[in-house]
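Student: So here's entry-v4.tsv, just TSV, C-alpha atoms:
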```tsv
chain	number	residue	atom	x	y	z
A	1459	MET	CA	0.00	0.00	0.00
A	1460	ARG	CA	0.94	3.65	-0.36
A	1461	ILE	CA	0.80	5.25	3.08
A	1462	PHE	CA	0.77	8.96	3.90
A	1463	VAL	CA	2.55	9.45	7.24
A	1464	THR	CA	2.49	12.73	9.14
A	1465	GLY	CA	5.31	13.26	11.61
A	1466	ALA	CA	7.44	11.03	9.38
A	1467	SER	CA	10.71	12.39	10.76
A	1468	GLY	CA	9.50	12.59	14.37
A	1469	PHE	CA	10.05	10.33	17.34
A	1470	ILE	CA	7.48	7.72	16.33
A	1471	GLY	CA	7.54	8.38	12.60
A	1472	SER	CA	11.28	7.93	12.23
A	1473	ALA	CA	10.87	4.36	13.51
A	1474	LEU	CA	7.59	3.75	11.70
A	1475	VAL	CA	8.70	4.75	8.19
A	1476	PRO	CA	11.51	2.13	7.96
A	1477	GLU	CA	9.11	-0.44	9.45
A	1478	LEU	CA	6.58	0.22	6.69
A	1479	VAL	CA	9.20	0.29	3.93
A	1480	ALA	CA	10.74	-2.99	5.11
A	1481	ALA	CA	7.28	-4.57	4.98
A	1482	GLY	CA	6.94	-3.60	1.31
A	1483	HIS	CA	4.78	-0.50	1.62
A	1484	GLN	CA	5.39	2.77	-0.19
A	1485	VAL	CA	5.52	5.75	2.16
A	1486	LEU	CA	4.72	9.38	1.46
A	1487	GLY	CA	6.21	11.23	4.41
A	1488	LEU	CA	5.23	14.74	5.46
A	1489	ALA	CA	8.31	16.92	6.00
A	1490	ARG	CA	8.32	20.55	7.09
A	1491	SER	CA	12.03	21.38	6.86
A	1492	ASP	CA	15.00	20.48	4.68
A	1493	ALA	CA	16.45	18.42	7.53
A	1494	ALA	CA	13.17	16.53	7.94
A	1495	ALA	CA	12.99	15.94	4.19
A	1496	GLN	CA	16.50	14.48	4.18
A	1497	SER	CA	15.61	12.18	7.08
A	1498	VAL	CA	12.41	10.99	5.39
A	1499	ALA	CA	14.19	10.35	2.09
A	1500	ALA	CA	17.04	8.51	3.81
A	1501	ALA	CA	14.47	6.18	5.40
A	1502	GLY	CA	13.26	5.18	1.94
A	1503	ALA	CA	10.13	7.31	1.71
A	1504	GLN	CA	8.93	9.86	-0.80
A	1505	VAL	CA	8.93	13.38	0.62
A	1506	HIS	CA	5.73	15.42	0.79
A	1507	ARG	CA	6.68	18.96	1.79
A	1508	GLY	CA	4.38	20.79	4.17
A	1509	SER	CA	3.22	20.93	7.77
A	1510	ILE	CA	0.18	19.92	9.80
A	1511	GLU	CA	-0.87	23.57	9.76
A	1512	ASP	CA	-1.06	23.50	5.96
A	1513	LEU	CA	-4.45	21.87	5.45
A	1514	ASP	CA	-4.32	21.83	1.66
A	1515	THR	CA	-1.02	19.92	1.84
A	1516	LEU	CA	-2.59	17.41	4.19
A	1517	ARG	CA	-5.57	16.91	1.90
A	1518	THR	CA	-3.38	16.28	-1.16
A	1519	GLY	CA	-1.16	13.89	0.76
A	1520	ALA	CA	-4.14	11.92	2.06
A	1521	ALA	CA	-5.81	11.83	-1.35
A	1522	ALA	CA	-2.64	10.46	-2.94
A	1523	ALA	CA	-2.42	7.51	-0.54
A	1524	ASP	CA	-4.22	4.25	0.18
A	1525	ALA	CA	-4.20	4.95	3.92
A	1526	VAL	CA	-3.07	7.65	6.36
A	1527	ILE	CA	-1.19	7.35	9.64
A	1528	HIS	CA	-1.24	10.57	11.66
A	1529	THR	CA	1.59	10.69	14.22
A	1530	ALA	CA	2.44	14.41	14.09
A	1531	PHE	CA	1.77	16.73	17.02
A	1532	ILE	CA	3.37	20.02	18.07
A	1533	HIS	CA	4.80	19.32	21.54
A	1534	ASP	CA	4.94	22.88	22.81
A	1535	PHE	CA	3.01	22.80	26.07
A	1536	SER	CA	3.15	26.58	26.44
A	1537	ARG	CA	0.70	26.60	23.48
A	1538	PHE	CA	-0.99	23.31	24.25
A	1539	GLN	CA	-4.59	24.35	23.61
A	1540	GLU	CA	-3.64	26.04	20.33
A	1541	ASN	CA	-1.68	22.97	19.23
A	1542	CYS	CA	-4.61	20.71	20.09
A	1543	GLU	CA	-6.79	22.78	17.78
A	1544	ILE	CA	-4.16	22.50	15.03
A	1545	ASP	CA	-4.26	18.73	15.53
A	1546	ARG	CA	-8.05	18.66	15.33
A	1547	LEU	CA	-8.14	20.68	12.12
A	1548	ALA	CA	-5.45	18.46	10.58
A	1549	ILE	CA	-7.45	15.32	11.33
A	1550	VAL	CA	-10.62	16.87	9.89
A	1551	ALA	CA	-8.79	17.92	6.72
A	1552	MET	CA	-7.38	14.45	6.10
A	1553	GLY	CA	-10.70	12.86	6.95
A	1554	ASP	CA	-12.44	15.09	4.43
A	1555	ALA	CA	-9.99	13.94	1.76
A	1556	LEU	CA	-10.78	10.30	2.55
A	1557	ALA	CA	-14.57	10.73	2.68
A	1558	GLY	CA	-16.37	8.46	0.26
A	1559	THR	CA	-13.44	6.07	0.00
A	1560	ASP	CA	-12.56	2.84	1.77
A	1561	LYS	CA	-9.22	4.24	2.95
A	1562	LEU	CA	-8.22	3.99	6.61
A	1563	LEU	CA	-7.17	6.95	8.75
A	1564	ILE	CA	-5.15	5.95	11.83
A	1565	VAL	CA	-5.11	8.71	14.44
A	1566	THR	CA	-2.80	9.02	17.43
A	1567	SER	CA	-4.17	9.65	20.92
A	1568	GLY	CA	-2.88	8.93	24.42
A	1569	THR	CA	-3.75	6.64	27.30
A	1570	GLY	CA	-3.73	9.79	29.46
A	1571	GLY	CA	-6.90	10.91	27.71
A	1572	VAL	CA	-8.85	8.30	29.66
A	1573	HIS	CA	-9.09	8.33	33.46
A	1574	THR	CA	-10.45	5.23	35.20
A	1575	PRO	CA	-9.52	5.52	38.90
A	1576	GLY	CA	-9.00	2.24	40.70
A	1577	ARG	CA	-8.61	0.02	37.64
A	1578	LEU	CA	-6.74	-0.49	34.39
A	1579	THR	CA	-7.93	1.56	31.43
A	1580	THR	CA	-8.94	-0.68	28.53
A	1581	GLU	CA	-9.50	-0.12	24.84
A	1582	ASP	CA	-13.25	-0.17	25.47
A	1583	ASP	CA	-13.10	2.94	27.69
A	1584	ALA	CA	-14.13	6.14	25.93
A	1585	PRO	CA	-12.01	9.29	26.29
A	1586	ASN	CA	-13.11	11.34	29.29
A	1587	SER	CA	-10.20	13.64	30.13
A	1588	PRO	CA	-10.80	17.40	30.41
A	1589	MET	CA	-7.63	18.00	28.38
A	1590	PRO	CA	-8.09	20.00	25.17
A	1591	ARG	CA	-6.56	17.36	22.91
A	1592	VAL	CA	-9.51	15.78	21.09
A	1593	SER	CA	-7.83	13.71	18.40
A	1594	GLU	CA	-9.81	10.62	19.35
A	1595	GLN	CA	-13.14	12.43	19.55
A	1596	THR	CA	-12.42	14.00	16.16
A	1597	ALA	CA	-11.75	10.58	14.65
A	1598	GLU	CA	-15.02	9.31	16.11
A	1599	ALA	CA	-16.90	12.24	14.58
A	1600	LEU	CA	-15.40	11.43	11.19
A	1601	ALA	CA	-16.34	7.78	11.62
A	1602	ALA	CA	-19.94	8.85	12.20
A	1603	GLN	CA	-19.74	10.50	8.78
A	1604	GLY	CA	-18.56	7.30	7.13
A	1605	VAL	CA	-14.78	7.77	7.22
A	1606	ARG	CA	-12.89	4.62	8.22
A	1607	THR	CA	-10.85	5.49	11.30
A	1608	ALA	CA	-8.84	3.72	13.98
A	1609	VAL	CA	-7.16	5.15	17.07
A	1610	ILE	CA	-3.84	4.24	18.65
A	1611	ARG	CA	-3.39	5.39	22.23
A	1612	LEU	CA	0.22	5.92	23.20
A	1613	PRO	CA	1.62	5.67	26.75
A	1614	GLN	CA	5.14	6.91	27.69
A	1615	VAL	CA	6.92	5.82	24.52
A	1616	HIS	CA	10.61	5.52	25.26
A	1617	ASP	CA	14.14	4.83	24.17
A	1618	THR	CA	17.39	6.13	25.66
A	1619	VAL	CA	16.77	9.64	24.23
A	1620	LYS	CA	13.10	10.39	24.96
A	1621	GLN	CA	10.48	8.92	27.28
A	1622	GLY	CA	7.19	10.75	26.77
A	1623	LEU	CA	6.19	12.81	29.81
A	1624	VAL	CA	9.22	11.41	31.66
A	1625	THR	CA	11.38	13.56	29.39
A	1626	TYR	CA	9.78	16.67	30.88
A	1627	ALA	CA	10.12	15.27	34.41
A	1628	ILE	CA	13.86	14.94	33.72
A	1629	GLN	CA	14.06	18.55	32.55
A	1630	ILE	CA	12.24	19.75	35.67
A	1631	ALA	CA	14.44	17.65	37.96
A	1632	ARG	CA	17.57	19.08	36.33
A	1633	GLU	CA	16.29	22.63	36.79
A	1634	LYS	CA	15.13	22.10	40.41
A	1635	GLY	CA	18.11	20.04	41.56
A	1636	VAL	CA	15.87	17.29	42.97
A	1637	SER	CA	13.85	14.47	41.43
A	1638	ALA	CA	10.38	14.38	42.93
A	1639	TYR	CA	7.29	12.24	43.20
A	1640	ILE	CA	4.03	13.03	44.99
A	1641	GLY	CA	2.96	11.29	48.20
A	1642	ASP	CA	3.97	7.63	48.26
A	1643	GLY	CA	4.73	7.67	44.53
A	1644	LEU	CA	2.74	4.53	43.88
A	1645	ASN	CA	0.68	6.10	41.09
A	1646	ARG	CA	1.60	4.55	37.76
A	1647	TRP	CA	2.31	5.54	34.16
A	1648	PRO	CA	2.06	2.97	31.34
A	1649	ALA	CA	4.97	2.68	28.90
A	1650	ALA	CA	6.18	1.08	25.66
A	1651	PRO	CA	9.48	0.97	23.74
A	1652	ARG	CA	9.56	3.14	20.61
A	1653	PHE	CA	10.11	0.35	18.09
A	1654	ASP	CA	7.38	-1.81	19.62
A	1655	ALA	CA	4.97	1.13	19.42
A	1656	SER	CA	5.91	1.71	15.78
A	1657	HIS	CA	5.38	-1.96	15.01
A	1658	LEU	CA	1.86	-1.67	16.40
A	1659	TYR	CA	1.01	1.03	13.86
A	1660	ARG	CA	1.98	-1.30	11.02
A	1661	LEU	CA	-0.05	-4.17	12.45
A	1662	ALA	CA	-3.08	-1.88	12.81
A	1663	LEU	CA	-2.63	-0.68	9.23
A	1664	GLU	CA	-2.39	-4.19	7.81
A	1665	LYS	CA	-5.29	-5.47	9.91
A	1666	GLY	CA	-7.34	-2.66	8.39
A	1667	GLU	CA	-10.12	-2.59	10.97
A	1668	SER	CA	-12.03	0.63	11.51
A	1669	GLY	CA	-13.92	1.79	14.57
A	1670	VAL	CA	-11.34	0.29	16.95
A	1671	ARG	CA	-8.97	1.59	19.60
A	1672	TYR	CA	-5.56	0.08	20.22
A	1673	HIS	CA	-3.32	0.48	23.26
A	1674	ALA	CA	0.42	0.59	22.57
A	1675	VAL	CA	1.09	-0.52	26.16
A	1676	ALA	CA	3.98	-2.85	26.95
A	1677	GLU	CA	4.05	-2.11	30.70
A	1678	GLU	CA	0.68	-1.52	32.34
A	1679	GLY	CA	2.06	0.89	34.92
A	1680	VAL	CA	5.46	1.98	36.17
A	1681	PRO	CA	5.34	3.57	39.67
A	1682	MET	CA	6.22	7.26	39.74
A	1683	ARG	CA	8.54	6.73	42.67
A	1684	ALA	CA	10.58	4.24	40.63
A	1685	ILE	CA	10.72	6.74	37.74
A	1686	ALA	CA	11.83	9.55	40.07
A	1687	GLU	CA	14.50	7.31	41.60
A	1688	ALA	CA	15.84	6.39	38.15
A	1689	ILE	CA	16.00	10.08	37.25
A	1690	GLY	CA	17.74	10.85	40.53
A	1691	ARG	CA	20.38	8.21	39.88
A	1692	GLY	CA	20.94	9.44	36.35
A	1693	LEU	CA	21.28	13.08	37.36
A	1694	ARG	CA	22.97	12.27	40.68
A	1695	ILE	CA	20.54	14.43	42.62
A	1696	PRO	CA	18.35	13.79	45.68
A	1697	VAL	CA	14.97	12.10	45.33
A	1698	VAL	CA	12.17	13.64	47.40
A	1699	SER	CA	8.49	13.14	48.12
A	1700	LEU	CA	6.24	16.18	47.76
A	1701	THR	CA	2.81	16.82	49.20
A	1702	PRO	CA	0.03	17.61	46.73
A	1703	GLU	CA	0.25	21.23	47.93
A	1704	GLN	CA	3.95	21.40	47.06
A	1705	ALA	CA	3.58	19.71	43.68
A	1706	PRO	CA	2.44	22.67	41.51
A	1707	ALA	CA	5.50	24.76	42.38
A	1708	HIS	CA	7.80	21.90	41.42
A	1709	PHE	CA	6.09	20.30	38.43
A	1710	GLY	CA	4.24	23.22	36.85
A	1711	TRP	CA	1.96	22.03	34.02
A	1712	LEU	CA	3.12	18.44	34.60
A	1713	GLU	CA	1.65	18.43	38.13
A	1714	ARG	CA	-1.73	17.03	37.05
A	1715	PHE	CA	-0.11	14.02	35.36
A	1716	ALA	CA	2.51	13.57	38.08
A	1717	GLN	CA	-0.17	12.63	40.61
A	1718	TRP	CA	-2.52	10.66	38.34
A	1719	ASP	CA	-2.64	6.89	38.59
A	1720	MET	CA	-3.30	5.93	34.99
A	1721	PRO	CA	-2.30	2.30	34.32
A	1722	ALA	CA	-3.63	0.80	31.09
A	1723	SER	CA	-4.11	-2.66	29.65
A	1724	SER	CA	-3.31	-3.77	26.10
A	1725	ALA	CA	-4.93	-7.22	26.39
A	1726	LEU	CA	-7.49	-6.55	23.65
A	1727	THR	CA	-4.87	-5.02	21.37
A	1728	ARG	CA	-2.60	-8.04	21.74
A	1729	GLN	CA	-5.51	-10.34	21.05
A	1730	ARG	CA	-6.67	-8.44	17.96
A	1731	LEU	CA	-3.26	-7.89	16.39
A	1732	GLY	CA	-0.97	-10.53	17.85
A	1733	TRP	CA	1.23	-7.71	19.13
A	1734	ASN	CA	4.00	-8.92	21.43
A	1735	PRO	CA	6.33	-6.14	22.60
A	1736	THR	CA	9.86	-7.35	23.27
A	1737	GLY	CA	11.84	-4.15	23.81
A	1738	PRO	CA	13.44	-2.83	27.01
A	1739	THR	CA	11.42	-1.54	29.94
A	1740	LEU	CA	11.13	2.15	30.70
A	1741	LEU	CA	13.42	1.84	33.73
A	1742	THR	CA	15.99	-0.06	31.65
A	1743	ASP	CA	16.11	2.72	29.06
A	1744	LEU	CA	16.40	5.32	31.82
A	1745	ALA	CA	19.30	3.35	33.33
A	1746	ASN	CA	21.07	3.24	29.96
A	1747	MET	CA	20.52	6.83	28.81
A	1748	GLN	CA	23.18	9.53	28.85
A	1749	PHE	CA	21.92	12.18	31.23
```
Write the structure described by the file as structure tokens, please.
Tutor:
Amino acid sequence: MRIFVTGASGFIGSALVPELVAAGHQVLGLARSDAAAQSVAAAGAQVHRGSIEDLDTLRTGAAAADAVIHTAFIHDFSRFQENCEIDRLAIVAMGDALAGTDKLLIVTSGTGGVHTPGRLTTEDDAPNSPMPRVSEQTAEALAAQGVRTAVIRLPQVHDTVKQGLVTYAIQIAREKGVSAYIGDGLNRWPAAPRFDASHLYRLALEKGESGVRYHAVAEEGVPMRAIAEAIGRGLRIPVVSLTPEQAPAHFGWLERFAQWDMPASSALTRQRLGWNPTGPTLLTDLANMQF
């Protein structure tokens, strides 16, 4: 198949594009800059110049492909609400281009968009977070209009360079001089290695089901205290427990996530796709990274 991939040179996309090419697919990769274009071409994909803010570019890319995988997102949390709206408009534009066809649009969401206190979040749980990112809800609205959509929820996707929200916790710990967790630190974040997460996108594409949610979860939940301790060891700084009242001053915008217990299951995803993640754990990658 010919696949249009947004975020083709990004953290997920740069692993996904070679995965698709090796499986025999043709890839049309969105690239905003010359450096991104070089990276996409080096991975064996055709370059489609533009950005997720250029809706006409997104429409032409989607129309030229047999399926679309949307992994791009602007990770500037100082403009989070604005970037969530950019994401929504991008999904709508690509969905419009696929309307009336049998082509699949795979949209990226996050396990953090679903909050199920006291139990594991599953693929059957609908998004219920008050966060402004509505990629999943937008995909569902398109599906109601006849567009074939599927959603992949990402946890803390990691390697030895980046680790999802943990990356920002590392930055904060470096700035503050201490690595912190809240309370007993037993609240958990789910996680998955980058190449296992990328492999899941390909399996979802080739399965071709619409109206489904997949969880790219290799570890159901890693305790925040263990994450903070790994960061402390890496940075060689103290590890401290904060009260909920102290947390906002330390964590800033990350404070809400830092105290959430949000473990997630991928049992249904593994059953549907035969996905079997084999990569390193989050704590292993943190132990092996160069701080």
Student: For CA of Glu1678 in chain A and CA of Phe1709 in chain A, quote the distance in Å rounded to one decimal.
Tutor: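 Going from CA of Glu1678 in chain A over to CA of Phe1709 in chain A covers 23.3 Å.
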Student: Would you mind reading off the distance between CA of Asn1734 in chain A and CA of Ala1481 in chain A, one decimal, in Å?
Tutor: 17.3 Å
Student: Need the neighbours of (6.9, 1.4, 9.4): which residues are at most 12 Å away, counting all atoms listed in the file, as a compact mmCIF listing (two decimals) with C-alpha atoms, keeping the file's coordinate frame?
Tutor:
```
# COMPACT_ATOMS: atom_id res chain seq x y z
CA MET A 1459 0.00 0.00 0.00
CA ARG A 1460 0.94 3.65 -0.36
CA ILE A 1461 0.80 5.25 3.08
CA PHE A 1462 0.77 8.96 3.90
CA VAL A 1463 2.55 9.45 7.24
CA ALA A 1466 7.44 11.03 9.38
CA SER A 1467 10.71 12.39 10.76
CA ILE A 1470 7.48 7.72 16.33
CA GLY A 1471 7.54 8.38 12.60
CA SER A 1472 11.28 7.93 12.23
CA ALA A 1473 10.87 4.36 13.51
CA LEU A 1474 7.59 3.75 11.70
CA VAL A 1475 8.70 4.75 8.19
CA PRO A 1476 11.51 2.13 7.96
CA GLU A 1477 9.11 -0.44 9.45
CA LEU A 1478 6.58 0.22 6.69
CA VAL A 1479 9.20 0.29 3.93
CA ALA A 1480 10.74 -2.99 5.11
CA ALA A 1481 7.28 -4.57 4.98
CA GLY A 1482 6.94 -3.60 1.31
CA HIS A 1483 4.78 -0.50 1.62
CA GLN A 1484 5.39 2.77 -0.19
CA VAL A 1485 5.52 5.75 2.16
CA LEU A 1486 4.72 9.38 1.46
CA GLY A 1487 6.21 11.23 4.41
CA VAL A 1498 12.41 10.99 5.39
CA ALA A 1501 14.47 6.18 5.40
CA GLY A 1502 13.26 5.18 1.94
CA ALA A 1503 10.13 7.31 1.71
CA ILE A 1527 -1.19 7.35 9.64
CA THR A 1529 1.59 10.69 14.22
CA ARG A 1652 9.56 3.14 20.61
CA PHE A 1653 10.11 0.35 18.09
CA ASP A 1654 7.38 -1.81 19.62
CA ALA A 1655 4.97 1.13 19.42
CA SER A 1656 5.91 1.71 15.78
CA HIS A 1657 5.38 -1.96 15.01
CA LEU A 1658 1.86 -1.67 16.40
CA TYR A 1659 1.01 1.03 13.86
CA ARG A 1660 1.98 -1.30 11.02
CA LEU A 1661 -0.05 -4.17 12.45
CA ALA A 1662 -3.08 -1.88 12.81
CA LEU A 1663 -2.63 -0.68 9.23
CA GLU A 1664 -2.39 -4.19 7.81
```
Student: Within 7 Å of range 1589-1593 of chain A, which residues of range 1515-1564 of chain A show up? Give each one with its shortest atom-to-atom distance in Å (one decimal) and the two atoms involved, counting only C-alpha atoms, rows by chain then rising residue number, as JSON lines.
Tutor:
```
{"residue": "A:Gln1539", "atom": "CA", "partner": "A:Pro1590", "partner_atom": "CA", "distance": 5.8}
{"residue": "A:Cys1542", "atom": "CA", "partner": "A:Arg1591", "partner_atom": "CA", "distance": 4.8}
{"residue": "A:Asp1545", "atom": "CA", "partner": "A:Ser1593", "partner_atom": "CA", "distance": 6.8}
{"residue": "A:Arg1546", "atom": "CA", "partner": "A:Ser1593", "partner_atom": "CA", "distance": 5.8}
```
Student: If you keep C-alpha atoms, can you produce a file of those selected residues as a PDB file, keeping the file's coordinate frame?
Tutor:
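Contents of result-v7.pdb, as written:
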```pdb
ATOM      1  CA  GLN A1539      -4.590  24.350  23.610  1.00  0.00           C
ATOM      2  CA  CYS A1542      -4.610  20.710  20.090  1.00  0.00           C
ATOM      3  CA  ASP A1545      -4.260  18.730  15.530  1.00  0.00           C
ATOM      4  CA  ARG A1546      -8.050  18.660  15.330  1.00  0.00           C
TER       5      ARG A1546
END
```
Student: Identify which of the residues A:Gly1690, A:Val1675, A:Pro1681, A:Leu1700 lies closest to Thr1736 in chain A, counting all atoms listed in the file when measuring atom-to-atom distances.
Tutor: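 Nearest to Thr1736 in chain A: A:Val1675.
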Student: Just the residues within 7 Å of Ser1567 in chain A, please, counting all atoms listed in the file, with nothing from its chain fewer than 4 positions along; format it as a PyMOL selection string.
Tutor: chain A and resi 1593-1594+1609-1612
Student: Identify the residues within 6 Å of coordinate (5.0, 15.1, 14.9) (same frame as the file), considering only C-alpha atoms, and give the answer as a VMD selection string.
Tutor: chain A and resid 1465 1468 1529 to 1531
Student: Near Tyr1626 in chain A, within 12 Å and counting all atoms listed in the file, which residues show up once chain neighbours fewer than 4 positions away are dropped, as a PDB file with C-alpha atoms, keeping the file's coordinate frame?
Tutor:
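Below is the file that was written, out-v5.pdb:
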```pdb
ATOM      1  CA  HIS A1533       4.800  19.320  21.540  1.00  0.00           C
ATOM      2  CA  ASP A1534       4.940  22.880  22.810  1.00  0.00           C
ATOM      3  CA  PHE A1535       3.010  22.800  26.070  1.00  0.00           C
ATOM      4  CA  GLN A1614       5.140   6.910  27.690  1.00  0.00           C
ATOM      5  CA  VAL A1619      16.770   9.640  24.230  1.00  0.00           C
ATOM      6  CA  LYS A1620      13.100  10.390  24.960  1.00  0.00           C
ATOM      7  CA  GLN A1621      10.480   8.920  27.280  1.00  0.00           C
ATOM      8  CA  GLY A1622       7.190  10.750  26.770  1.00  0.00           C
ATOM      9  CA  ILE A1630      12.240  19.750  35.670  1.00  0.00           C
ATOM     10  CA  ALA A1631      14.440  17.650  37.960  1.00  0.00           C
ATOM     11  CA  ARG A1632      17.570  19.080  36.330  1.00  0.00           C
ATOM     12  CA  GLU A1633      16.290  22.630  36.790  1.00  0.00           C
ATOM     13  CA  SER A1637      13.850  14.470  41.430  1.00  0.00           C
ATOM     14  CA  ALA A1686      11.830   9.550  40.070  1.00  0.00           C
ATOM     15  CA  ILE A1689      16.000  10.080  37.250  1.00  0.00           C
ATOM     16  CA  HIS A1708       7.800  21.900  41.420  1.00  0.00           C
ATOM     17  CA  PHE A1709       6.090  20.300  38.430  1.00  0.00           C
ATOM     18  CA  GLY A1710       4.240  23.220  36.850  1.00  0.00           C
ATOM     19  CA  TRP A1711       1.960  22.030  34.020  1.00  0.00           C
ATOM     20  CA  LEU A1712       3.120  18.440  34.600  1.00  0.00           C
ATOM     21  CA  GLU A1713       1.650  18.430  38.130  1.00  0.00           C
ATOM     22  CA  PHE A1715      -0.110  14.020  35.360  1.00  0.00           C
ATOM     23  CA  ALA A1716       2.510  13.570  38.080  1.00  0.00           C
TER      24      ALA A1716
END
```
Student: Tell me which of A:Arg1671, A:Arg1728, A:Arg1646, A:His1616 sits closest to Asn1746 in chain A, counting all atoms listed in the file.
Tutor: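 Closest to Asn1746 in chain A, using all atoms listed in the file: A:His1616.
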Student: Measuring between only C-alpha atoms, which one of A:Ala1548, A:Val1572, A:Ala1597, A:Ala1557 shows the shortest distance to Pro1585 in chain A?
Tutor: A:Val1572
Student: How many Å lie between CA of Ala1650 in chain A and CA of Thr1607 in chain A, rounded to one decimal?
Tutor: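 For CA of Ala1650 in chain A relative to CA of Thr1607 in chain A, the distance reads 22.7 Å.
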Student: Using only C-alpha atoms, which residue out of A:Ala1638, A:Arg1517, A:Gly1568, A:Ala1608 lies closest to Ala1707 in chain A?
Tutor: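 Ranked by minimum distance to Ala1707 in chain A, first place goes to A:Ala1638.
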Student: Counting all atoms listed in the file, which of A:Ile1510, A:Val1670, A:Ala1500, A:Leu1516 gets nearest to Thr1727 in chain A?
Tutor: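 Between A:Ile1510, A:Val1670, A:Ala1500, A:Leu1516, the residue approaching Thr1727 in chain A most closely is A:Val1670.
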Student: Just add N, CA and C atoms to range 1736-1748 of chain A and send it as a PDB file, keeping the file's coordinate frame.
Tutor:
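So the final result, stored in rebuild_13.pdb, reads:
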```
ATOM      1  N   THR A1736       8.680  -6.631  22.772  1.00  0.00           N
ATOM      2  CA  THR A1736       9.860  -7.350  23.270  1.00  0.00           C
ATOM      3  C   THR A1736      10.998  -6.403  23.662  1.00  0.00           C
ATOM      4  N   GLY A1737      10.779  -5.109  23.546  1.00  0.00           N
ATOM      5  CA  GLY A1737      11.840  -4.150  23.810  1.00  0.00           C
ATOM      6  C   GLY A1737      12.105  -3.950  25.284  1.00  0.00           C
ATOM      7  N   PRO A1738      13.072  -3.083  25.607  1.00  0.00           N
ATOM      8  CA  PRO A1738      13.440  -2.830  27.010  1.00  0.00           C
ATOM      9  C   PRO A1738      12.334  -2.128  27.779  1.00  0.00           C
ATOM     10  N   THR A1739      12.375  -2.248  29.093  1.00  0.00           N
ATOM     11  CA  THR A1739      11.420  -1.540  29.940  1.00  0.00           C
ATOM     12  C   THR A1739      11.801  -0.065  30.007  1.00  0.00           C
ATOM     13  N   LEU A1740      10.867   0.735  30.514  1.00  0.00           N
ATOM     14  CA  LEU A1740      11.130   2.150  30.700  1.00  0.00           C
ATOM     15  C   LEU A1740      12.318   2.371  31.642  1.00  0.00           C
ATOM     16  N   LEU A1741      12.338   1.657  32.755  1.00  0.00           N
ATOM     17  CA  LEU A1741      13.420   1.840  33.730  1.00  0.00           C
ATOM     18  C   LEU A1741      14.763   1.376  33.158  1.00  0.00           C
ATOM     19  N   THR A1742      14.750   0.375  32.294  1.00  0.00           N
ATOM     20  CA  THR A1742      15.990  -0.060  31.650  1.00  0.00           C
ATOM     21  C   THR A1742      16.532   1.027  30.728  1.00  0.00           C
ATOM     22  N   ASP A1743      15.655   1.638  29.941  1.00  0.00           N
ATOM     23  CA  ASP A1743      16.110   2.720  29.060  1.00  0.00           C
ATOM     24  C   ASP A1743      16.609   3.914  29.872  1.00  0.00           C
ATOM     25  N   LEU A1744      15.939   4.223  30.981  1.00  0.00           N
ATOM     26  CA  LEU A1744      16.400   5.320  31.820  1.00  0.00           C
ATOM     27  C   LEU A1744      17.781   4.995  32.417  1.00  0.00           C
ATOM     28  N   ALA A1745      18.013   3.743  32.770  1.00  0.00           N
ATOM     29  CA  ALA A1745      19.300   3.350  33.330  1.00  0.00           C
ATOM     30  C   ALA A1745      20.415   3.431  32.296  1.00  0.00           C
ATOM     31  N   ASN A1746      20.058   3.283  31.020  1.00  0.00           N
ATOM     32  CA  ASN A1746      21.070   3.240  29.960  1.00  0.00           C
ATOM     33  C   ASN A1746      21.230   4.565  29.212  1.00  0.00           C
ATOM     34  N   MET A1747      20.426   5.576  29.542  1.00  0.00           N
ATOM     35  CA  MET A1747      20.520   6.830  28.810  1.00  0.00           C
ATOM     36  C   MET A1747      21.673   7.692  29.338  1.00  0.00           C
ATOM     37  N   GLN A1748      22.124   8.588  28.478  1.00  0.00           N
ATOM     38  CA  GLN A1748      23.180   9.530  28.850  1.00  0.00           C
ATOM     39  C   GLN A1748      22.539  10.805  29.344  1.00  0.00           C
TER      40      GLN A1748
END
```
